[in-house]
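The file run-v8.txt comes next; it holds compact mmCIF, C-alpha atoms.
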```txt
# COMPACT_ATOMS: atom_id res chain seq x y z
CA MET A 1 4.57 38.16 14.71
CA ARG A 2 0.86 37.49 15.36
CA ARG A 3 0.12 41.22 15.49
CA ASP A 4 2.06 41.72 12.29
CA LEU A 5 0.12 38.94 10.57
CA ARG A 6 -3.15 40.53 11.68
CA LEU A 7 -2.14 43.84 10.10
CA LEU A 8 -1.08 42.07 6.92
CA SER A 9 -4.38 40.19 6.93
CA ALA A 10 -6.27 43.48 7.24
CA ALA A 11 -4.37 44.90 4.28
CA THR A 12 -4.96 41.83 2.11
CA PHE A 13 -8.61 41.83 3.24
CA THR A 14 -9.03 45.38 1.95
CA SER A 15 -7.33 44.65 -1.37
CA THR A 16 -9.51 41.58 -1.92
CA LEU A 17 -12.66 43.42 -0.82
CA ASP A 18 -12.08 45.95 -3.56
CA ARG A 19 -11.31 43.33 -6.19
CA PHE A 20 -14.33 41.09 -5.61
CA THR A 21 -16.84 43.91 -5.34
CA VAL A 22 -17.05 44.16 -9.13
CA PRO A 23 -18.63 40.88 -10.43
CA PRO A 24 -22.08 41.36 -8.85
CA LEU A 25 -22.07 44.97 -10.07
CA LEU A 26 -21.45 44.28 -13.77
CA LEU A 27 -25.09 44.16 -14.86
CA ALA A 28 -25.94 47.29 -12.85
CA ILE A 29 -22.97 49.12 -14.38
CA ALA A 30 -24.00 47.97 -17.86
CA ARG A 31 -27.56 49.20 -17.32
CA GLU A 32 -26.52 52.62 -15.98
CA PHE A 33 -24.20 53.32 -18.91
CA GLY A 34 -26.37 51.64 -21.58
CA ALA A 35 -23.65 49.10 -22.36
CA SER A 36 -23.60 45.36 -23.01
CA LEU A 37 -22.37 42.92 -20.40
CA GLY A 38 -19.32 42.26 -22.56
CA GLU A 39 -18.46 45.97 -22.56
CA ALA A 40 -19.05 46.28 -18.82
CA ALA A 41 -16.79 43.26 -18.23
CA ALA A 42 -13.89 45.53 -19.19
CA VAL A 43 -14.27 47.07 -15.72
CA ALA A 44 -13.21 43.73 -14.20
CA SER A 45 -10.68 42.69 -16.84
CA ALA A 46 -8.90 46.08 -16.77
CA TYR A 47 -8.59 45.81 -13.00
CA PHE A 48 -7.11 42.31 -13.21
CA LEU A 49 -4.81 43.21 -16.09
CA PHE A 50 -3.30 46.30 -14.47
CA TYR A 51 -3.15 44.54 -11.12
CA GLY A 52 -0.98 41.99 -12.87
CA VAL A 53 1.25 43.99 -15.19
CA THR A 54 2.46 46.33 -12.42
CA GLN A 55 3.75 43.49 -10.26
CA LEU A 56 7.34 43.57 -11.45
CA ALA A 57 7.57 47.29 -10.70
CA TRP A 58 6.18 46.70 -7.20
CA GLY A 59 8.71 43.93 -6.59
CA ILE A 60 11.58 46.23 -7.52
CA LEU A 61 10.18 49.08 -5.43
CA SER A 62 9.65 46.84 -2.40
CA ASP A 63 13.40 46.20 -2.39
CA SER A 64 14.34 49.86 -2.78
CA LEU A 65 11.63 51.49 -0.63
CA GLY A 66 11.02 48.67 1.84
CA ARG A 67 8.05 46.31 2.11
CA VAL A 68 6.05 48.34 4.63
CA ARG A 69 6.60 51.77 3.10
CA LEU A 70 5.53 50.48 -0.30
CA MET A 71 2.31 49.00 1.07
CA ARG A 72 1.45 52.23 2.87
CA LEU A 73 1.99 54.39 -0.22
CA ALA A 74 0.06 51.97 -2.42
CA LEU A 75 -2.89 51.89 0.00
CA LEU A 76 -3.02 55.67 0.09
CA GLY A 77 -3.03 55.86 -3.70
CA ALA A 78 -5.66 53.12 -3.94
CA ALA A 79 -7.91 55.09 -1.58
CA VAL A 80 -7.81 58.07 -3.93
CA ALA A 81 -8.37 55.90 -7.01
CA GLY A 82 -11.29 54.14 -5.32
CA ILE A 83 -13.06 57.45 -4.72
CA LEU A 84 -12.45 58.39 -8.37
CA SER A 85 -14.08 55.08 -9.36
CA ALA A 86 -17.18 55.94 -7.34
CA LEU A 87 -17.42 59.33 -9.08
CA ALA A 88 -16.80 58.11 -12.66
CA PRO A 89 -19.32 59.76 -15.06
CA SER A 90 -18.88 57.27 -17.95
CA LEU A 91 -18.07 53.61 -18.48
CA TRP A 92 -14.67 54.20 -19.99
CA LEU A 93 -13.63 56.62 -17.27
CA LEU A 94 -14.73 53.96 -14.80
CA VAL A 95 -12.55 51.42 -16.63
CA VAL A 96 -9.59 53.80 -16.35
CA ALA A 97 -10.25 54.46 -12.66
CA ARG A 98 -10.56 50.74 -11.91
CA ALA A 99 -7.35 50.03 -13.82
CA LEU A 100 -5.57 52.62 -11.66
CA THR A 101 -7.12 51.20 -8.49
CA GLY A 102 -6.09 47.68 -9.45
CA SER A 103 -2.53 48.71 -10.21
CA LEU A 104 -2.20 50.29 -6.74
CA PHE A 105 -3.96 47.59 -4.74
CA GLY A 106 -1.77 45.19 -6.71
CA ALA A 107 1.16 46.06 -4.46
CA VAL A 108 -0.49 44.85 -1.26
CA ILE A 109 -0.93 41.08 -1.42
CA PRO A 110 2.33 40.20 -3.22
CA THR A 111 4.32 42.40 -0.85
CA SER A 112 2.55 40.71 2.06
CA LEU A 113 3.63 37.33 0.67
CA VAL A 114 7.23 38.52 0.41
CA TYR A 115 7.00 39.86 3.97
CA VAL A 116 5.89 36.42 5.19
CA GLY A 117 8.64 34.79 3.15
CA ASP A 118 11.20 37.12 4.71
CA ARG A 119 10.12 36.49 8.29
CA VAL A 120 8.55 33.00 8.50
CA PRO A 121 10.58 29.77 8.08
CA VAL A 122 9.51 27.69 5.07
CA GLU A 123 8.22 24.80 7.20
CA HIS A 124 5.66 27.15 8.84
CA ARG A 125 5.01 29.33 5.82
CA GLN A 126 1.93 27.66 4.35
CA ARG A 127 0.09 27.98 7.67
CA ALA A 128 0.89 31.71 7.76
CA LEU A 129 -0.19 32.08 4.15
CA ALA A 130 -3.41 30.23 5.00
CA ASP A 131 -4.20 33.05 7.46
CA LEU A 132 -3.81 35.61 4.67
CA VAL A 133 -5.97 33.51 2.36
CA GLY A 134 -8.56 33.29 5.14
CA ALA A 135 -8.68 37.09 5.28
CA ASN A 136 -9.01 37.15 1.51
CA ALA A 137 -11.85 34.64 1.72
CA LEU A 138 -13.79 36.69 4.25
CA ALA A 139 -13.33 39.75 2.06
CA THR A 140 -14.53 37.81 -0.97
CA ALA A 141 -17.74 36.85 0.80
CA LEU A 142 -18.42 40.33 2.15
CA ALA A 143 -17.55 41.99 -1.17
CA THR A 144 -19.88 39.75 -3.11
CA VAL A 145 -22.76 40.26 -0.68
CA GLY A 146 -22.04 43.97 -0.30
CA GLY A 147 -21.73 44.52 -4.03
CA GLY A 148 -25.01 42.76 -4.71
CA LEU A 149 -26.83 44.64 -1.96
CA ALA A 150 -25.38 47.98 -3.05
CA ALA A 151 -26.52 47.37 -6.62
CA ALA A 152 -30.01 46.34 -5.48
CA LEU A 153 -30.65 48.84 -2.69
CA ALA A 154 -28.54 51.91 -3.39
CA SER A 155 -25.95 52.27 -6.16
CA TRP A 156 -22.95 50.33 -7.40
CA ARG A 157 -20.92 53.46 -6.65
CA VAL A 158 -21.31 52.95 -2.90
CA ALA A 159 -19.48 49.62 -3.17
CA PHE A 160 -16.25 51.35 -4.23
CA VAL A 161 -16.22 53.82 -1.35
CA VAL A 162 -15.88 51.30 1.51
CA PRO A 163 -12.53 49.72 0.48
CA ALA A 164 -11.22 53.19 -0.35
CA LEU A 165 -11.87 54.37 3.21
CA LEU A 166 -10.38 51.18 4.69
CA ALA A 167 -7.27 51.61 2.55
CA ALA A 168 -6.80 55.16 3.82
CA GLY A 169 -6.98 53.94 7.43
CA LEU A 170 -4.57 51.08 6.86
CA ALA A 171 -2.06 53.37 5.19
CA ILE A 172 -1.71 54.89 8.67
CA MET A 173 -1.96 51.71 10.75
CA LEU A 174 0.74 49.81 8.85
CA ALA A 175 3.30 52.20 10.32
CA ARG A 176 3.36 49.71 13.24
CA LEU A 177 4.86 46.95 11.06
CA PRO A 178 8.64 46.51 11.31
CA GLU A 179 10.59 46.27 8.07
CA PRO A 180 11.74 42.63 7.71
CA THR A 181 14.94 43.49 5.84
CA PRO A 182 16.90 46.67 5.19
CA ALA A 183 15.65 48.57 2.16
CA GLY A 184 17.76 47.82 -0.86
CA SER A 185 19.20 44.44 -1.87
CA ALA A 186 20.51 42.96 -5.12
CA PRO A 187 19.99 45.16 -8.20
CA PRO A 188 16.80 44.45 -10.19
CA LEU A 189 18.63 42.97 -13.18
CA THR A 190 20.53 40.61 -10.90
CA GLN A 191 17.28 39.42 -9.33
CA MET A 192 15.66 38.93 -12.73
CA ARG A 193 18.65 36.88 -13.85
CA GLU A 194 18.26 34.73 -10.73
CA VAL A 195 14.64 34.04 -11.62
CA ALA A 196 15.36 33.52 -15.31
CA GLY A 197 18.08 31.02 -14.45
CA GLN A 198 15.75 28.79 -12.39
CA PRO A 199 13.69 26.45 -14.62
CA TRP A 200 11.22 25.70 -11.83
CA ALA A 201 10.29 29.38 -11.72
CA TYR A 202 8.84 29.03 -15.22
CA VAL A 203 6.81 26.01 -14.13
CA VAL A 204 5.28 27.87 -11.17
CA VAL A 205 4.50 30.96 -13.26
CA ILE A 206 2.79 28.95 -16.02
CA LEU A 207 0.74 26.98 -13.49
CA VAL A 208 -0.51 30.10 -11.72
CA LEU A 209 -1.29 31.80 -15.05
CA ILE A 210 -3.61 28.91 -15.92
CA GLU A 211 -5.02 28.79 -12.40
CA GLY A 212 -5.84 32.50 -12.53
CA SER A 213 -7.79 32.07 -15.76
CA PHE A 214 -10.32 29.66 -14.30
CA MET A 215 -10.24 30.39 -10.55
CA PHE A 216 -10.63 34.17 -10.73
CA GLY A 217 -11.29 34.93 -14.39
CA LEU A 218 -14.28 32.62 -14.83
CA THR A 219 -15.82 32.72 -11.35
CA ALA A 220 -16.50 36.38 -12.20
CA TYR A 221 -19.41 35.03 -14.26
CA PHE A 222 -21.14 33.16 -11.44
CA ALA A 223 -23.21 36.22 -10.45
CA PRO A 224 -24.08 37.28 -14.03
CA ALA A 225 -25.09 33.67 -14.78
CA LEU A 226 -27.55 33.74 -11.90
CA GLU A 227 -28.89 37.16 -12.84
CA SER A 228 -29.42 36.06 -16.45
CA SER A 229 -31.54 33.22 -15.04
CA GLY A 230 -33.85 35.69 -13.32
CA TYR A 231 -32.29 36.08 -9.87
CA SER A 232 -31.79 39.58 -8.44
CA ALA A 233 -28.35 41.09 -7.96
CA ALA A 234 -28.80 40.79 -4.19
CA VAL A 235 -29.63 37.07 -4.38
CA ALA A 236 -26.79 36.46 -6.83
CA GLY A 237 -24.40 38.25 -4.50
CA LEU A 238 -25.51 36.21 -1.50
CA VAL A 239 -25.13 32.91 -3.35
CA VAL A 240 -21.73 33.71 -4.84
CA ALA A 241 -20.56 34.95 -1.42
CA VAL A 242 -20.37 31.28 -0.51
CA PHE A 243 -17.12 31.23 -2.51
CA GLY A 244 -15.52 33.38 0.17
CA LEU A 245 -17.10 31.52 3.06
CA GLY A 246 -16.09 28.23 1.48
CA THR A 247 -12.50 29.41 1.15
CA LEU A 248 -12.51 30.49 4.78
CA ALA A 249 -13.72 27.04 5.83
CA TRP A 250 -11.26 25.25 3.55
CA THR A 251 -8.34 27.26 5.01
CA ARG A 252 -9.27 25.91 8.45
CA VAL A 253 -9.12 22.41 6.97
CA LEU A 254 -5.81 23.28 5.33
CA ARG A 255 -4.24 24.19 8.66
CA LEU A 256 -5.03 20.64 9.85
CA LEU A 257 -3.76 19.01 6.66
CA THR A 258 -0.46 20.80 6.04
CA ALA A 259 1.45 18.60 8.51
CA ARG A 260 -0.18 15.39 7.24
CA VAL A 261 -0.68 15.75 3.48
CA ALA A 262 2.11 16.34 0.97
CA PRO A 263 1.97 19.56 -1.10
CA PRO A 264 1.46 17.74 -4.44
CA LEU A 265 -1.69 16.09 -3.11
CA LEU A 266 -3.02 19.39 -1.75
CA LEU A 267 -2.40 21.03 -5.11
CA ALA A 268 -4.21 18.26 -6.98
CA LEU A 269 -7.10 18.10 -4.52
CA GLY A 270 -7.97 21.78 -4.88
CA ALA A 271 -7.92 21.71 -8.67
CA LEU A 272 -9.95 18.50 -8.89
CA LEU A 273 -12.61 19.90 -6.56
CA ALA A 274 -12.71 23.10 -8.62
CA GLY A 275 -13.17 21.12 -11.82
CA SER A 276 -16.02 19.21 -10.20
CA GLY A 277 -17.65 22.49 -9.20
CA TYR A 278 -17.51 23.78 -12.75
CA VAL A 279 -19.08 20.55 -14.01
CA VAL A 280 -22.01 21.13 -11.63
CA VAL A 281 -22.62 24.71 -12.74
CA SER A 282 -22.17 23.82 -16.42
CA LEU A 283 -25.21 21.53 -16.07
CA SER A 284 -27.45 23.91 -14.12
CA ARG A 285 -27.63 27.64 -13.41
CA SER A 286 -29.89 27.31 -10.40
CA ALA A 287 -28.95 29.04 -7.15
CA GLY A 288 -28.26 25.63 -5.59
CA ALA A 289 -25.90 24.61 -8.39
CA VAL A 290 -23.95 27.87 -8.21
CA LEU A 291 -23.79 27.54 -4.43
CA VAL A 292 -22.30 24.03 -4.68
CA ALA A 293 -19.91 25.17 -7.40
CA SER A 294 -18.78 28.13 -5.29
CA VAL A 295 -17.94 25.82 -2.38
CA LEU A 296 -16.02 23.38 -4.58
CA VAL A 297 -14.11 26.00 -6.58
CA SER A 298 -13.16 27.78 -3.35
CA ALA A 299 -11.17 24.68 -2.39
CA CYS A 300 -8.79 25.54 -5.21
CA TYR A 301 -8.06 28.90 -3.59
CA ALA A 302 -7.33 27.26 -0.23
CA PHE A 303 -5.40 24.16 -1.34
CA THR A 304 -3.99 24.72 -4.83
CA HIS A 305 -3.28 28.42 -4.60
CA THR A 306 -1.55 28.40 -1.21
CA THR A 307 0.57 25.46 -2.36
CA LEU A 308 1.63 27.45 -5.41
CA GLN A 309 2.24 30.53 -3.23
CA THR A 310 4.48 28.58 -0.86
CA TRP A 311 6.32 27.06 -3.81
CA ALA A 312 6.85 30.54 -5.29
CA THR A 313 8.37 31.87 -2.04
CA ASP A 314 10.86 28.98 -2.01
CA VAL A 315 11.87 28.44 -5.61
CA VAL A 316 14.24 31.46 -5.90
CA PRO A 317 15.04 32.55 -2.31
CA LYS A 318 17.75 35.02 -3.43
CA ALA A 319 15.21 36.90 -5.54
CA ARG A 320 12.01 36.28 -3.60
CA ALA A 321 10.40 39.68 -4.25
CA THR A 322 11.01 39.46 -7.98
CA MET A 323 9.74 35.89 -8.15
CA ILE A 324 6.56 36.83 -6.28
CA SER A 325 6.13 39.75 -8.68
CA PHE A 326 6.21 37.39 -11.65
CA PHE A 327 3.88 35.02 -9.80
CA ALA A 328 1.30 37.73 -9.12
CA THR A 329 1.63 39.10 -12.64
CA ALA A 330 0.86 35.69 -14.07
CA LEU A 331 -2.08 35.17 -11.70
CA PHE A 332 -3.86 38.38 -12.60
CA VAL A 333 -2.95 38.43 -16.27
CA GLY A 334 -4.47 34.96 -16.36
CA SER A 335 -7.53 36.31 -14.54
CA ALA A 336 -7.92 39.16 -17.02
CA LEU A 337 -7.49 36.84 -19.99
CA GLY A 338 -10.04 34.42 -18.58
CA THR A 339 -12.61 37.14 -17.92
CA GLN A 340 -12.20 38.78 -21.31
CA ALA A 341 -11.99 35.55 -23.31
CA ALA A 342 -15.24 34.34 -21.77
CA ALA A 343 -17.11 37.62 -22.32
CA PRO A 344 -18.49 36.66 -25.78
CA LEU A 345 -19.92 33.40 -24.40
CA ALA A 346 -21.48 35.28 -21.47
CA ALA A 347 -22.95 37.90 -23.81
CA GLN A 348 -24.57 35.05 -25.80
CA ASP A 349 -25.90 33.49 -22.57
CA ARG A 350 -23.82 30.35 -23.20
CA TYR A 351 -22.81 29.89 -19.60
CA GLY A 352 -23.00 26.10 -19.75
CA LEU A 353 -20.22 25.96 -22.35
CA LEU A 354 -18.24 28.63 -20.51
CA PHE A 355 -18.16 26.64 -17.27
CA ALA A 356 -17.54 23.34 -19.07
CA ILE A 357 -14.38 24.87 -20.56
CA ALA A 358 -13.34 25.93 -17.06
CA ALA A 359 -13.65 22.32 -15.88
CA LEU A 360 -11.53 21.13 -18.80
CA ILE A 361 -8.81 23.55 -17.69
CA ALA A 362 -8.97 22.74 -13.98
CA PHE A 363 -8.67 18.94 -14.12
CA PRO A 364 -5.38 18.77 -16.10
CA LEU A 365 -3.89 21.63 -14.07
CA GLY A 366 -4.32 19.61 -10.89
CA LEU A 367 -2.63 16.53 -12.30
CA VAL A 368 0.22 18.32 -14.07
CA GLY A 369 0.79 20.69 -11.15
CA ALA A 370 0.92 17.85 -8.64
CA PHE A 371 3.43 15.97 -10.76
CA GLY A 372 5.59 19.09 -11.08
CA ARG A 373 5.50 19.77 -7.33
CA TRP A 374 6.46 16.13 -6.65
CA ARG A 375 9.41 16.37 -9.04
CA TYR A 376 10.51 19.63 -7.43
CA ALA A 377 10.52 18.04 -3.96
CA ARG A 378 12.52 15.04 -5.20
CA ARG A 379 15.01 17.36 -6.90
CA ALA A 380 15.46 19.35 -3.67
CA ILE A 381 16.12 16.13 -1.71
CA SER A 382 18.61 14.77 -4.20
```
Could the structure of this file be written out as structure tokens, please?
Amino acid sequence: MRRDLRLLSAATFTSTLDRFTVPPLLLAIAREFGASLGEAAAVASAYFLFYGVTQLAWGILSDSLGRVRLMRLALLGAAVAGILSALAPSLWLLVVARALTGSLFGAVIPTSLVYVGDRVPVEHRQRALADLVGANALATALATVGGGLAAALASWRVAFVVPALLAAGLAIMLARLPEPTPAGSAPPLTQMREVAGQPWAYVVVILVLIEGSFMFGLTAYFAPALESSGYSAAVAGLVVAVFGLGTLAWTRVLRLLTARVAPPLLLALGALLAGSGYVVVSLSRSAGAVLVASVLVSACYAFTHTTLQTWATDVVPKARATMISFFATALFVGSALGTQAAAPLAAQDRYGLLFAIAALIAFPLGLVGAFGRWRYARRAIS
């Protein structure tokens, strides 16, 4: 299973590398195409939106085609779409190419989660998911640094080529993964009825929708906030890369805490640290403030998000793939909504208000989410 987890980690690494390359490139993209930052932000929001809205289709296809076959086909398609992104001659063609890339890479991480849910017992699942999040974190750091350096030293187009080439290689390498279950299970409508009939599924989906809005949707503005304060794209990329390194460090802490700290407390801890990080960056846009905020917000990815992921794999076990599809849809629709809703404030250089709003979202999410997770555990016991 360790080898299988390493391959899954490589696939999720590549998907995340592609996704987090964009934020430090937004100003460079806007300059090349003579667009505003708000218009260029559509490159990120389209990616998140199409990543999210295709999730249900991927969940259905993972049951009919098989988990591994689906990931391999999606990676191959994402490689082609990534090259098209690098060659885009206009902003709106770039938006279309990124939307296509996001929709294809969107199959990888949720299917990896289902794969872990199929093969790893629930009591060990959060530790396995922490490994995937660790790979995501490393990719986040490298993507942010690489994107910033590409924009400063070469061209933003170079940043889209690397994940495309990695995806092509992994489409071949994932042939080594065994299928966890026979292709084909309950019909899609039956699975959707299973999810719709479980009230706790709605709770998890709403929580991750809100989490996506502030954890992914609004951290996309860390790099532009620094650049608007006079820092170069390379410096902004290096500072924001701490988000990925912080997540990687927090996942190591998580592995020590999972056997000692109850899931509701982990969920609350991550959100409360994230809210604190947004308070810091709402008061100052210095490199030091953004660095501290990146470390604190990254705790949400390690603690809150993996707790929600584990909860999602358990809440409807008979329709796990469909539930994870709804979960991922909510996460990235929330991300897209957060990015696009904040674009007017970013265009007006009102980053302090933008990040203050993020803090006001994060704090209640931690408290409400922890209470919901506690009630779910008590319900399961009784």
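For the residues A:Leu245, A:Ala40, A:Ala175, A:Ala259, ranking by smallest atom-to-atom distance to Leu73 (chain A) using all atoms listed in the file places A:Ala175 first.
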Would you write out, as a Markdown table, a table of all residues in region 84-195 of chain A that have an atom no more than 7 Å from an atom of region 20-32 of chain A, listing for each the closest atom pair and the distance in Å to one decimal, considering all atoms listed in the file and ordering rows by chain and rising residue number?
```
| residue | atom | partner | partner_atom | distance |
| --- | --- | --- | --- | --- |
| A:Thr140 | CA | A:Phe20 | CA | 5.7 |
| A:Ala143 | CA | A:Thr21 | CA | 4.6 |
| A:Thr144 | CA | A:Thr21 | CA | 5.6 |
| A:Gly147 | CA | A:Thr21 | CA | 5.1 |
| A:Gly148 | CA | A:Pro24 | CA | 5.3 |
| A:Ala151 | CA | A:Leu25 | CA | 6.1 |
| A:Trp156 | CA | A:Leu25 | CA | 6.1 |
| A:Ala159 | CA | A:Thr21 | CA | 6.7 |
```
All residues 8 Å or closer to Val116 (chain A), all atoms listed in the file, same chain fewer than 5 positions away omitted, as a VMD selection string: chain A and resid 125 128 to 129
*Which residues, written as a PyMOL selection string, have at least one atom at most 12 Å from Leu256 (chain A), with all atoms listed in the file counted and residues fewer than 6 positions away on the same chain left out?*
chain A and resi 126-127+130+249-250+266+303
_So, with only C-alpha atoms as the atoms that count, which of A:Ala347, A:Leu8, A:Ala359, A:Met323 lies closest to Glu194 (chain A)?_
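Looking only at the distances to Glu194 (chain A), the closest residue turns out to be A:Met323.
Straight-line separation from CA of Val96 (chain A) to CA of Pro163 (chain A): 17.6 Å.
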From the list A:Phe363, A:Phe214, A:Phe50, A:Tyr376, the nearest residue to Ala341 (chain A) using only C-alpha atoms is A:Phe214
For Ile361 (chain A), list every protein, DNA or RNA residue within 9 Å, evaluated using all atoms listed in the file, and leave out those in the same chain fewer than 2 positions away; present the list as a ChimeraX atom specification.
/A:210-211,213-214,275,356-359,363-365
Of A:Leu265, A:Leu226, A:Ala330, A:Ala201, the one sitting nearest Tyr351 (chain A) when using all atoms listed in the file is A:Leu226
